[in-house]
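Engineer: Quick one: the structure is below, and I'll ask about it shortly.
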Amino acid sequence: MGLEEKLPAGFALTTLENVVGYMRKGSIWPATFGLACCAIEMMAVGTPDYDIARFGMERFAATPRQADLMIVAGRVSQKMAPVVRQVYDQMPNPKWVISMGVCASSGGMFNNYAIVQGVDHVIPVDIYLPGCPPRPEMLLNAIIELHGQIQHSKLGVNRVAAARAAEAAALSATPTSQMAPTHDHFAHIAAPAGKNLLA
């Protein structure tokens with residue numbers, strides 16, 4: 001019911017952004033960047049059981065110059081943070097980041113001075129993948145979600161405008177350090193002692 005029906009056979013109408021997005025999402029090469037136990041689950045995605053090759057992603061690049069997806073799998077220490085940033089900066093544009101696991105996304109159970117409390121303090125993140133560790137199926141789902149983002153990403157001036165809007169939204173958000181606490185860590189100290197079962 002449109003212009004497509006009036007055209008001769010063999011013609012299809014689309015936009016350049018749709019074609020480029022379709023080609024980009026089918027040609028992603030991840031960078032090898034496993035930092036902790038989540039990396040085992042990331043490696044499992046490459047096995048025949050999960051078969052990441054169906055997305056054309058079976059080649060994990062050992063050099064950032066040939067990769068366009070960084071999967072940060074595991075906790076990021078303060079010592080490793082500059083290396084993460086350097087590898088990210090060496091990747092060609094356009095590039096994307098998946099933060100795999102709760103440790104990479106928020107520091108996880110390691111709420112201390114040695115671990116970065118979220119890799120988004122170091123590099124921009126496109127997809128946050130929760131879990132400790134997340135299953136390979138969850139990583140595949142995150143990759144499919146990323147494919148959707150890539151398919152609908154803008155080009156040229158539109159891409160710059162979208163990036164500026166995303167940056168403005170991120171800067172206007174309330175920092176987590178200023179948010180109200182969700183629970184009281186010292187409630188057990190003020191609580192009355194429970195019944196002693198051994199007495």
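Each chain in the structure tokens gets a letter, A, B, ..., in the order shown, and its residues are numbered from 1; ligands are numbered from 1 in order too.
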Would you mind listing what lies within 8 Å of Met57 (chain A) as a list of chain:residue names, with only C-alpha atoms counted and same-chain residues fewer than 5 positions away left out?
Structural biologist: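 The filter keeps A:Ser27, A:Ile28, A:Trp29, A:Pro30, A:Ile52.
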Engineer: I'd like to know which residues of chain A are strand (DSSP E or B) (by DSSP, run on the backbone); could you write them as a VMD selection string?
Structural biologist: chain A and resid 30 to 31 34 61 69 to 73 77 96 to 100 115 127 to 129
Engineer: From a backbone DSSP assignment, name each residue in chain A labelled helix (DSSP H, G or I), as number ranges by chain.
Structural biologist: A: 3-6, 16-25, 38-44, 52-55, 64-66, 81-90, 102-106, 119-121, 136-151, 156-172, 176-178, 187-190
Engineer: Which is closer to Lys79 (chain A) than all the others in A:Ala166, A:Ala67, A:Ala114, A:Val45, using only C-alpha atoms?
Structural biologist: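 That would be A:Ala114, the residue with the smallest distance to Lys79 (chain A).
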Engineer: Using only C-alpha atoms, which of the listed residues (A:Met109, A:Ala31, A:Val102, A:Met179) sits closest to Tyr88 (chain A)?
Structural biologist: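 With only C-alpha atoms as the atom set, the closest residue is A:Ala31.
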Engineer: Looking at only C-alpha atoms, which of A:Asn18, A:Gly34, A:Thr174, A:Arg59 is the one that sits closest to Thr47 (chain A)?
Structural biologist: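 Answer, going by the shortest atom-to-atom distance: A:Arg59.
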Engineer: Considering only C-alpha atoms, state which residue in the set A:Val84, A:Val76, A:Ala44, A:Ala165 is at the smallest distance from Glu137 (chain A).
Structural biologist: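 The closest residue to Glu137 (chain A) is A:Ala44.
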Engineer: Need the shell around region 148-159 of chain A: protein/DNA/RNA residues with any atom at most 9 Å away, counting only C-alpha atoms. Skip same-chain ones fewer than 6 positions apart. Format as a PyMOL selection string?
Structural biologist: chain A and resi 16-25+96+126
Engineer: Taking N, CA, C and O atoms for each residue, export the selection above as a PDB file, in the first residue's frame.
Structural biologist:
ATOM      1  N   LEU A  16      19.750   5.682   4.130  1.00  0.00           N
ATOM      2  CA  LEU A  16      21.162   5.339   4.259  1.00  0.00           C
ATOM      3  C   LEU A  16      21.494   4.939   5.699  1.00  0.00           C
ATOM      4  O   LEU A  16      22.270   4.017   5.931  1.00  0.00           O
ATOM      5  N   GLU A  17      20.865   5.598   6.683  1.00  0.00           N
ATOM      6  CA  GLU A  17      21.104   5.253   8.084  1.00  0.00           C
ATOM      7  C   GLU A  17      20.684   3.815   8.375  1.00  0.00           C
ATOM      8  O   GLU A  17      21.367   3.099   9.102  1.00  0.00           O
ATOM      9  N   ASN A  18      19.560   3.360   7.808  1.00  0.00           N
ATOM     10  CA  ASN A  18      19.115   1.984   8.024  1.00  0.00           C
ATOM     11  C   ASN A  18      20.083   0.979   7.409  1.00  0.00           C
ATOM     12  O   ASN A  18      20.385  -0.049   8.010  1.00  0.00           O
ATOM     13  N   VAL A  19      20.572   1.268   6.211  1.00  0.00           N
ATOM     14  CA  VAL A  19      21.497   0.347   5.547  1.00  0.00           C
ATOM     15  C   VAL A  19      22.813   0.276   6.322  1.00  0.00           C
ATOM     16  O   VAL A  19      23.339  -0.815   6.587  1.00  0.00           O
ATOM     17  N   VAL A  20      23.360   1.429   6.700  1.00  0.00           N
ATOM     18  CA  VAL A  20      24.623   1.454   7.444  1.00  0.00           C
ATOM     19  C   VAL A  20      24.457   0.774   8.798  1.00  0.00           C
ATOM     20  O   VAL A  20      25.316  -0.001   9.228  1.00  0.00           O
ATOM     21  N   GLY A  21      23.338   1.026   9.485  1.00  0.00           N
ATOM     22  CA  GLY A  21      23.088   0.377  10.768  1.00  0.00           C
ATOM     23  C   GLY A  21      22.993  -1.131  10.623  1.00  0.00           C
ATOM     24  O   GLY A  21      23.524  -1.879  11.451  1.00  0.00           O
ATOM     25  N   TYR A  22      22.348  -1.583   9.563  1.00  0.00           N
ATOM     26  CA  TYR A  22      22.228  -3.028   9.327  1.00  0.00           C
ATOM     27  C   TYR A  22      23.597  -3.657   9.080  1.00  0.00           C
ATOM     28  O   TYR A  22      23.897  -4.739   9.584  1.00  0.00           O
ATOM     29  N   MET A  23      24.432  -2.975   8.300  1.00  0.00           N
ATOM     30  CA  MET A  23      25.770  -3.502   8.016  1.00  0.00           C
ATOM     31  C   MET A  23      26.658  -3.470   9.265  1.00  0.00           C
ATOM     32  O   MET A  23      27.410  -4.415   9.520  1.00  0.00           O
ATOM     33  N   ARG A  24      26.562  -2.406  10.041  1.00  0.00           N
ATOM     34  CA  ARG A  24      27.402  -2.294  11.241  1.00  0.00           C
ATOM     35  C   ARG A  24      27.052  -3.347  12.273  1.00  0.00           C
ATOM     36  O   ARG A  24      27.936  -3.936  12.900  1.00  0.00           O
ATOM     37  N   LYS A  25      25.770  -3.583  12.468  1.00  0.00           N
ATOM     38  CA  LYS A  25      25.388  -4.542  13.513  1.00  0.00           C
ATOM     39  C   LYS A  25      25.778  -5.964  13.139  1.00  0.00           C
ATOM     40  O   LYS A  25      25.917  -6.813  14.016  1.00  0.00           O
ATOM     41  N   TRP A  96      31.478   0.687  20.730  1.00  0.00           N
ATOM     42  CA  TRP A  96      30.452   0.470  21.732  1.00  0.00           C
ATOM     43  C   TRP A  96      31.043  -0.285  22.909  1.00  0.00           C
ATOM     44  O   TRP A  96      32.061  -0.959  22.781  1.00  0.00           O
ATOM     45  N   ASP A 126      27.301   1.572  26.814  1.00  0.00           N
ATOM     46  CA  ASP A 126      26.060   1.500  26.039  1.00  0.00           C
ATOM     47  C   ASP A 126      25.058   0.525  26.647  1.00  0.00           C
ATOM     48  O   ASP A 126      23.858   0.785  26.652  1.00  0.00           O
TER      49      ASP A 126
END
